[in-house]
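The data block below is final.txt; it holds compact mmCIF, C-alpha atoms.
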# COMPACT_ATOMS: atom_id res chain seq x y z
CA MET N 1 -13.22 -40.79 -72.58
CA ARG N 2 -13.20 -39.73 -68.91
CA SER N 3 -13.29 -42.21 -66.12
CA ARG N 4 -15.74 -42.02 -63.25
CA ASP N 5 -12.97 -41.34 -60.78
CA GLY N 6 -11.86 -38.29 -62.73
CA ASN N 7 -15.37 -36.83 -62.72
CA ARG N 8 -15.67 -37.42 -59.02
CA ASN N 9 -12.40 -35.59 -58.46
CA LEU N 10 -13.62 -32.62 -60.48
CA THR N 11 -16.85 -32.45 -58.52
CA PHE N 12 -14.98 -32.57 -55.24
CA ARG N 13 -12.75 -29.70 -56.34
CA LEU N 14 -15.73 -27.59 -57.43
CA CYS N 15 -17.54 -28.23 -54.16
CA SER N 16 -14.51 -27.35 -52.07
CA ILE N 17 -14.04 -24.09 -54.01
CA ILE N 18 -17.69 -23.15 -53.50
CA LEU N 19 -17.44 -24.01 -49.80
CA LEU N 20 -14.33 -21.91 -49.31
CA CYS N 21 -15.89 -18.99 -51.16
CA SER N 22 -18.97 -19.20 -48.97
CA LEU N 23 -16.83 -19.34 -45.86
CA ALA N 24 -14.87 -16.27 -46.90
CA LEU N 25 -17.98 -14.45 -48.07
CA ASN N 26 -18.31 -12.50 -44.84
CA ALA N 27 -14.58 -11.75 -44.55
CA GLY N 28 -13.88 -8.06 -44.40
CA GLU N 29 -11.62 -5.35 -43.13
CA TYR N 30 -12.68 -3.00 -40.39
CA LEU N 31 -11.19 0.13 -38.91
CA ILE N 32 -11.40 0.13 -35.13
CA SER N 33 -10.32 2.79 -32.67
CA TYR N 34 -10.73 2.90 -28.92
CA ARG N 35 -10.19 5.56 -26.30
CA TYR N 36 -11.14 6.08 -22.71
CA THR N 37 -10.42 8.83 -20.27
CA VAL N 38 -10.22 8.62 -16.52
CA LYS N 39 -10.48 11.87 -14.60
CA ASP N 40 -9.70 11.97 -10.88
CA ALA N 41 -9.89 8.15 -10.66
CA ILE N 42 -13.37 8.10 -12.21
CA LEU N 43 -14.09 6.91 -15.74
CA TYR N 44 -14.97 10.03 -17.69
CA ASN N 45 -15.78 8.70 -21.16
CA GLU N 46 -15.17 5.66 -23.31
CA ILE N 47 -15.38 5.51 -27.10
CA LEU N 48 -15.12 2.54 -29.45
CA HIS N 49 -15.38 3.33 -33.15
CA ILE N 50 -15.98 0.49 -35.64
CA SER N 51 -16.36 1.08 -39.35
CA HIS N 52 -15.85 -0.74 -42.65
CA ALA N 53 -12.59 0.02 -44.38
CA MET N 54 -13.21 1.92 -47.59
CA LYS N 55 -9.79 1.01 -48.93
CA LYS N 56 -7.95 -2.26 -48.81
CA CYS N 57 -5.58 -2.39 -45.87
CA GLU N 58 -1.99 -3.46 -46.09
CA GLY N 59 -0.17 -5.79 -43.72
CA LYS N 60 -0.36 -9.27 -42.39
CA PRO N 61 -2.74 -10.48 -39.69
CA GLN N 62 -1.14 -10.65 -36.28
CA SER N 63 -2.35 -12.20 -33.01
CA GLU N 64 -5.99 -13.09 -33.56
CA LEU N 65 -9.05 -13.19 -31.35
CA ILE N 66 -11.67 -15.86 -31.91
CA LEU N 67 -15.18 -15.11 -30.73
CA GLU N 68 -18.28 -17.24 -30.90
CA ASN N 69 -20.55 -15.92 -33.63
CA THR N 70 -24.14 -15.46 -32.53
CA SER N 71 -24.95 -12.27 -34.37
CA ASP N 72 -25.40 -13.18 -38.03
CA GLY N 73 -22.20 -11.57 -39.23
CA ASN N 74 -22.69 -8.17 -37.64
CA LEU N 75 -19.36 -7.18 -36.08
CA LYS N 76 -20.75 -4.38 -33.90
CA LYS N 77 -23.30 -6.73 -32.38
CA LEU N 78 -20.70 -9.39 -31.97
CA ILE N 79 -18.34 -7.05 -30.15
CA SER N 80 -21.08 -5.63 -27.95
CA GLN N 81 -22.01 -9.18 -26.96
CA ASN N 82 -18.37 -9.95 -26.10
CA SER N 83 -17.31 -6.47 -25.05
CA GLU N 84 -15.29 -7.48 -21.99
CA GLU N 85 -13.31 -10.05 -23.93
CA PHE N 86 -12.75 -7.71 -26.85
CA LEU N 87 -11.58 -4.86 -24.60
CA ASN N 88 -9.16 -7.17 -22.82
CA TYR N 89 -7.85 -8.18 -26.22
CA ILE N 90 -7.37 -4.53 -27.21
CA HIS N 91 -5.55 -3.91 -23.93
CA LYS N 92 -3.23 -6.80 -24.73
CA LEU N 93 -2.52 -5.38 -28.18
CA GLY N 94 -1.30 -2.22 -26.55
CA LEU N 95 -2.65 1.19 -25.67
CA HIS N 96 -1.03 4.59 -25.77
CA LEU N 97 -1.03 6.15 -22.36
CA LYS N 98 -1.17 9.89 -21.71
CA HIS N 99 -1.32 10.96 -18.11
CA LYS N 100 -1.37 14.49 -16.75
CA GLU N 101 -1.53 15.40 -13.10
CA LYS N 102 -1.76 18.83 -11.53
CA THR N 103 -1.33 19.68 -7.88
CA LEU N 104 -2.49 23.23 -7.17
CA ASN N 105 -2.10 24.40 -3.59
CA LEU N 106 -1.92 20.77 -2.45
CA GLN N 107 -5.14 19.80 -4.29
CA ASN N 108 -4.55 17.11 -6.89
CA THR N 109 -6.37 16.56 -10.18
CA SER N 110 -5.42 14.00 -12.78
CA THR N 111 -6.42 12.92 -16.26
CA THR N 112 -5.39 9.64 -17.81
CA THR N 113 -6.20 8.79 -21.42
CA LEU N 114 -5.68 5.36 -22.94
CA THR N 115 -5.91 5.24 -26.70
CA MET N 116 -5.73 2.67 -29.43
CA LYS N 117 -5.20 4.59 -32.65
CA THR N 118 -7.31 3.65 -35.64
CA THR N 119 -6.18 0.19 -36.69
CA CYS N 120 -7.28 -2.00 -39.56
CA PHE N 121 -8.59 -5.42 -38.51
CA LYS N 122 -9.25 -8.36 -40.75
CA VAL N 123 -12.48 -10.02 -39.65
CA ASP N 124 -13.50 -13.48 -40.86
CA ILE N 125 -16.99 -14.38 -39.75
CA ASN N 126 -18.08 -17.96 -40.20
CA ASP N 127 -21.28 -19.69 -39.16
CA ASN N 128 -20.03 -20.43 -35.66
CA PHE N 129 -16.93 -18.33 -35.06
CA ALA N 130 -15.51 -14.93 -35.87
CA LYS N 131 -11.82 -14.40 -36.25
CA ILE N 132 -10.50 -10.87 -35.61
CA ALA N 133 -6.86 -9.99 -36.27
CA PRO N 134 -5.07 -6.63 -36.65
CA LEU N 135 -3.15 -6.03 -39.86
CA LYS N 136 0.39 -4.82 -39.31
CA MET S 1 115.47 106.38 14.28
CA LYS S 2 116.92 104.97 17.43
CA TYR S 3 113.73 105.75 19.29
CA SER S 4 111.69 104.04 16.76
CA ILE S 5 113.78 100.90 16.99
CA LEU S 6 113.48 101.05 20.75
CA LEU S 7 109.81 101.50 20.51
CA ALA S 8 109.52 98.49 18.27
CA ALA S 9 111.59 96.49 20.65
CA LEU S 10 109.40 97.56 23.50
CA LEU S 11 106.28 96.70 21.56
CA SER S 12 107.58 93.32 20.63
CA ALA S 13 108.58 92.71 24.20
CA SER S 14 105.19 93.77 25.41
CA SER S 15 103.56 91.59 22.83
CA LEU S 16 105.61 88.71 24.06
CA PHE S 17 104.41 89.22 27.62
CA GLY S 18 100.79 89.46 26.42
CA THR S 19 101.12 86.19 24.56
CA ASP S 20 102.22 84.40 27.68
CA GLN S 21 99.13 85.48 29.51
CA ILE S 22 96.87 84.26 26.68
CA GLN S 23 98.63 80.90 26.51
CA THR S 24 97.88 80.30 30.15
CA VAL S 25 94.17 80.72 29.52
CA ASP S 26 94.26 78.32 26.56
CA THR S 27 95.88 75.56 28.65
CA ARG S 28 92.93 75.49 31.02
CA VAL S 29 90.50 75.21 28.20
CA ILE S 30 92.50 72.38 26.75
CA GLN S 31 92.51 70.59 30.09
CA GLN S 32 88.77 70.97 30.32
CA THR S 33 88.34 69.77 26.80
CA ASN S 34 90.51 66.77 27.51
CA ALA S 35 88.38 65.82 30.47
CA GLU S 36 85.21 66.12 28.41
CA LEU S 37 86.84 64.12 25.71
CA GLN S 38 87.76 61.39 28.14
CA LEU S 39 84.22 61.40 29.43
CA ALA S 40 82.89 61.22 25.93
CA ILE S 41 85.28 58.43 25.11
CA ALA S 42 84.16 56.57 28.19
CA GLU S 43 80.56 57.14 27.23
CA ALA S 44 81.30 56.00 23.70
CA THR S 45 83.02 52.90 25.02
CA LEU S 46 80.07 52.23 27.24
CA ALA S 47 77.71 52.79 24.36
CA LYS S 48 79.83 50.52 22.21
CA LYS S 49 79.70 47.86 24.87
CA GLU S 50 75.96 48.32 25.18
CA ALA S 51 75.65 48.11 21.42
CA ALA S 52 77.72 44.96 21.37
CA PHE S 53 75.60 43.52 24.13
CA ALA S 54 72.43 44.52 22.31
CA GLN S 55 73.81 43.05 19.11
CA SER S 56 74.64 39.81 20.86
CA GLU S 57 71.17 39.83 22.40
CA ALA S 58 69.69 40.56 19.00
CA ILE S 59 71.64 37.72 17.48
CA GLN S 60 70.49 35.46 20.25
CA ALA S 61 66.92 36.62 19.82
CA LYS S 62 67.20 36.21 16.08
CA SER S 63 68.54 32.72 16.41
CA ALA S 64 65.77 31.94 18.91
CA LEU S 65 63.22 33.43 16.52
CA VAL S 66 64.65 31.42 13.66
CA ARG S 67 64.50 28.30 15.79
CA GLU S 68 60.94 29.13 16.81
CA LYS S 69 60.04 29.86 13.22
CA ALA S 70 61.53 26.59 12.10
CA ALA S 71 59.68 24.75 14.84
CA PHE S 72 56.46 26.50 13.85
CA ALA S 73 57.03 25.67 10.19
CA GLN S 74 57.72 22.07 11.10
CA GLU S 75 54.57 21.94 13.19
CA ARG S 76 52.60 23.53 10.38
CA ALA S 77 54.01 21.07 7.87
CA ASP S 78 53.12 18.23 10.23
CA ARG S 79 49.61 19.57 10.60
CA GLU S 80 49.23 19.98 6.84
CA GLU S 81 50.48 16.46 6.29
CA GLU S 82 48.07 15.20 8.91
CA ALA S 83 45.23 17.17 7.29
CA ILE S 84 46.12 15.76 3.87
CA GLU S 85 46.19 12.27 5.31
CA MET S 86 42.84 12.86 6.98
CA ALA S 87 41.40 14.29 3.74
CA ASN S 88 42.69 11.31 1.80
CA ALA S 89 41.22 8.96 4.36
CA ALA S 90 37.89 10.83 4.27
CA GLU S 91 37.91 10.78 0.46
CA ALA S 92 38.64 7.08 0.41
CA GLN S 93 35.89 6.50 2.95
CA ALA S 94 33.43 8.64 0.95
CA GLN S 95 34.35 6.75 -2.22
CA ALA S 96 33.87 3.44 -0.48
CA GLU S 97 30.52 4.64 0.89
CA ALA S 98 29.45 5.84 -2.57
CA GLU S 99 30.41 2.50 -4.08
CA ALA S 100 28.54 0.68 -1.34
CA GLN S 101 25.51 2.92 -1.92
CA ALA S 102 25.67 2.34 -5.67
CA GLU S 103 25.87 -1.39 -5.09
CA ALA S 104 22.97 -1.24 -2.66
CA ALA S 105 20.96 0.87 -5.13
CA ALA S 106 21.77 -1.56 -7.93
CA GLU S 107 20.64 -4.41 -5.69
CA ALA S 108 17.50 -2.52 -4.65
CA GLU S 109 16.68 -1.26 -8.15
CA GLU S 110 16.78 -4.09 -10.59
CA VAL S 111 18.45 -3.27 -13.89
CA LEU S 112 17.27 -4.84 -17.12
CA LYS S 113 20.22 -6.55 -18.75
CA ALA S 114 20.58 -8.04 -22.19
CA ASN S 115 18.92 -11.43 -22.73
CA SER S 116 16.97 -11.07 -19.50
CA THR S 117 13.42 -10.26 -18.47
CA MET S 118 12.01 -8.19 -15.66
CA TYR S 119 8.77 -8.61 -13.79
CA ILE S 120 6.91 -5.50 -12.70
CA SER S 121 3.83 -5.54 -10.50
CA VAL S 122 1.66 -2.52 -9.68
CA VAL S 123 -1.68 -1.77 -8.04
CA GLY S 124 -4.11 0.69 -9.61
CA GLN S 125 -7.06 2.30 -7.87
CA GLY S 126 -10.33 3.51 -9.31
CA VAL S 127 -13.57 4.88 -7.96
CA ALA S 128 -17.07 4.29 -9.25
CA PRO S 129 -19.04 7.37 -10.32
CA MET S 130 -21.97 8.50 -8.16
CA ASN S 131 -24.61 8.26 -10.89
CA THR S 132 -24.47 4.57 -11.72
CA THR S 133 -27.59 2.58 -12.44
CA SER S 134 -26.43 -0.63 -10.80
CA PRO S 135 -23.63 -2.00 -8.62
CA ALA S 136 -22.42 -4.00 -11.61
CA GLN S 137 -22.02 -0.85 -13.66
CA ALA S 138 -20.24 0.83 -10.76
CA TYR S 139 -17.88 -2.12 -10.52
CA ALA S 140 -17.16 -2.14 -14.25
CA LEU S 141 -16.48 1.58 -14.41
CA ALA S 142 -14.34 1.54 -11.27
CA LYS S 143 -12.35 -1.36 -12.65
CA ARG S 144 -11.74 0.48 -15.91
CA ALA S 145 -10.47 3.49 -13.95
CA ALA S 146 -8.28 1.26 -11.81
CA ILE S 147 -6.77 -0.36 -14.91
CA ALA S 148 -5.92 3.05 -16.31
CA ASP S 149 -4.26 3.93 -13.00
CA ALA S 150 -2.28 0.70 -13.08
CA TYR S 151 -1.18 1.43 -16.64
CA ARG S 152 -0.03 4.83 -15.47
CA ALA S 153 1.94 3.22 -12.64
CA ILE S 154 3.61 0.79 -15.06
CA ALA S 155 4.55 3.61 -17.41
CA GLU S 156 5.95 5.64 -14.52
CA LYS S 157 8.06 2.71 -13.37
CA VAL S 158 9.39 1.78 -16.77
CA LYS S 159 9.69 5.11 -18.52
CA GLY S 160 9.76 7.72 -15.75
CA VAL S 161 7.78 10.84 -14.98
CA ARG S 162 8.23 14.40 -16.18
CA ILE S 163 7.75 16.84 -13.32
CA ASP S 164 7.38 20.61 -13.52
CA GLY S 165 6.97 22.80 -10.48
CA GLN S 166 6.14 26.46 -10.09
CA ASP S 167 5.70 28.56 -6.95
CA LEU S 168 4.42 32.12 -6.97
CA ILE S 169 5.59 34.16 -3.99
CA LYS S 170 4.28 37.66 -3.35
CA ASN S 171 5.08 39.82 -0.33
CA MET S 172 7.10 36.98 1.20
CA MET S 173 4.08 34.64 1.01
CA VAL S 174 3.34 31.67 -1.23
CA LYS S 175 0.39 32.72 -3.37
CA ARG S 176 0.24 29.70 -5.66
CA SER S 177 2.10 26.41 -5.68
CA THR S 178 1.74 24.23 -8.75
CA ILE S 179 3.20 20.82 -9.52
CA ARG S 180 2.53 19.23 -12.89
CA THR S 181 3.49 15.69 -13.73
CA SER S 182 3.03 13.90 -17.03
CA VAL S 183 3.71 10.48 -18.50
CA ARG S 184 3.49 9.29 -22.08
CA ALA S 185 4.05 5.67 -22.96
CA MET S 186 2.84 2.67 -24.92
CA VAL S 187 1.89 -0.29 -22.74
CA ARG S 188 1.15 -3.72 -24.11
CA ASN S 189 0.89 -7.25 -22.70
CA ALA S 190 -0.02 -6.16 -19.18
CA ASN S 191 -2.08 -8.69 -17.26
CA VAL S 192 -4.67 -8.23 -14.53
CA VAL S 193 -3.74 -10.49 -11.63
CA GLU S 194 -6.30 -9.64 -8.99
CA THR S 195 -9.27 -7.33 -8.63
CA THR S 196 -10.89 -6.23 -5.39
CA PHE S 197 -13.90 -3.96 -4.99
CA LYS S 198 -14.67 -2.61 -1.58
CA GLU S 199 -16.77 0.37 -0.54
CA GLY S 200 -16.74 1.94 -3.97
CA LEU S 201 -12.99 1.61 -4.39
CA CYS S 202 -11.68 -0.85 -6.94
CA GLU S 203 -8.09 -2.05 -6.70
CA VAL S 204 -6.49 -3.87 -9.61
CA GLU S 205 -3.17 -5.63 -9.34
CA MET S 206 -1.43 -5.79 -12.69
CA GLU S 207 1.82 -7.31 -13.81
CA ILE S 208 3.96 -6.98 -16.86
CA VAL S 209 7.02 -8.87 -18.00
CA ILE S 210 9.42 -6.74 -19.96
CA SER S 211 12.46 -7.98 -21.81
CA HIS S 212 15.51 -6.25 -23.14
CA SER S 213 14.42 -6.89 -26.71
CA ASP S 214 11.27 -4.79 -26.15
CA PHE S 215 13.49 -1.72 -25.94
CA ALA S 216 15.92 -2.65 -28.69
CA GLN S 217 16.29 0.14 -31.22
Could you render the structure as structure tokens?
Amino acid sequence: MRSRDGNRNLTFRLCSIILLCSLALNAGEYLISYRYTVKDAILYNEILHISHAMKKCEGKPQSELILENTSDGNLKKLISQNSEEFLNYIHKLGLHLKHKEKTLNLQNTSTTTLTMKTTCFKVDINDNFAKIAPLK
Amino acid sequence: MKYSILLAALLSASSLFGTDQIQTVDTRVIQQTNAELQLAIAEATLAKKEAAFAQSEAIQAKSALVREKAAFAQERADREEEAIEMANAAEAQAQAEAEAQAEAAAEAEEVLKANSTMYISVVGQGVAPMNTTSPAQAYALAKRAAIADAYRAIAEKVKGVRIDGQDLIKNMMVKRSTIRTSVRAMVRNANVVETTFKEGLCEVEMEIVISHSDFAQ
């Protein structure tokens, strides 16, 4: 015959499992790429691609970014609401720089491209916060 | 027979008388020849003396020339030695100057050593486009451009620049002068320190701390 304490323990375990599952329900992996080009000291174009990963990514989460979740689990909305913060975070992660400058008859033109190649991010979205971390 | 003997005697006697006359002539010639010979001997003696004098003069001149040559050689050797000393001194001075310059350059240009970090600070400039909808958008776009410029400056400082130049000259005139520069790098952990926006120009001061381990292979 089971004691009351044992039943209570079982219930607590079940509840904690359900809670954890619900918390991780919105966890997913996203592929994000970013590129912007500056031509003659003027921003020429800027592209940020976000898409769900169709295959499971490999690697461990690295330095993470925590954003306040106010967008019901939509990552694109979340990033657009915190674009400045997210772009600073991407800059910190590292960008590939490609700069070309041409001086023709003493007239200078330049093109600088900063690129973050397509990287898989693990995104955990909870009720209040979203945790974004690249997998490497 | 008797007559013939007499005739022969007469002939021989006459021949004897003729011989005497001829001998007289020969004596004069011999005297003349002797005088010429004496003159020639005197001339030869004189010439011999002159030759001896010339020889002695030549020997003297030769010895003087040898002395002069030796003096010249000595002077030349001295000059060469002096030149070598001067060259050595100049070389030593140039070496010392080069070492001093290298030390000064090493002091001026900081070198990243093992187990050490280096702080690099740059300023990037960006301009807002003409067709912006608001000053805020202009500021944001100019700042983005300035950050890209600062990244470029960091990459140039850390990694270096590739430069290609080409001049086209036709009929002794420069038709086209082209300079191409390019940089490729990966920049991470750069921080924006200060941003200023004035009259459409945005300036961003950025800094990066690099360590030796960042470049470890």
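The space separating CA of Ala190 (chain S) from CA of Lys159 (chain S) comes to 14.9 Å.
Proximity to Leu114 (chain N) at 8 Å, evaluated using all atoms listed in the file and with sequence-adjacent residues fewer than 3 positions away removed, yields Arg35, Tyr36, Thr37, Leu95, His96, Leu97 and Lys98 of chain N; Ala148 of chain S.
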Exercise. So which residues touch region 121-124 of chain S within 10 Å, counting only C-alpha atoms, skipping near sequence neighbours fewer than 2 positions away, as JSON, numbers by chain?
Worked result: {"N": [41], "S": [119, 126, 143, 144, 145, 146, 147, 148, 149, 150, 151, 152, 153, 154, 157, 190, 191, 192, 193, 194, 195, 202, 203, 204, 205, 206, 207, 208, 209]}
For this session: Within 6 Å of Cys120 (chain N), counting only C-alpha atoms, which residues show up once you throw out same-chain ones fewer than 4 positions away? Write them as a PyMOL selection string, please.
Result: chain N and resi 30-31+134-135
Problem set entry | Among listed residues N:Thr109, N:Ser80, N:Asn45, N:Thr103, nearest chain S (using all atoms listed in the file) | N:Thr103
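Proximity of N:Asn88, N:Thr70, N:Ser63, N:Ser33 to Ile125 (chain N), computed with only C-alpha atoms, is greatest for N:Thr70.
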Problem set entry | Check: which chain N residues lie within 10 Å of chain S using all atoms listed in the file, as number ranges by chain | N: 36-46, 84, 88-116
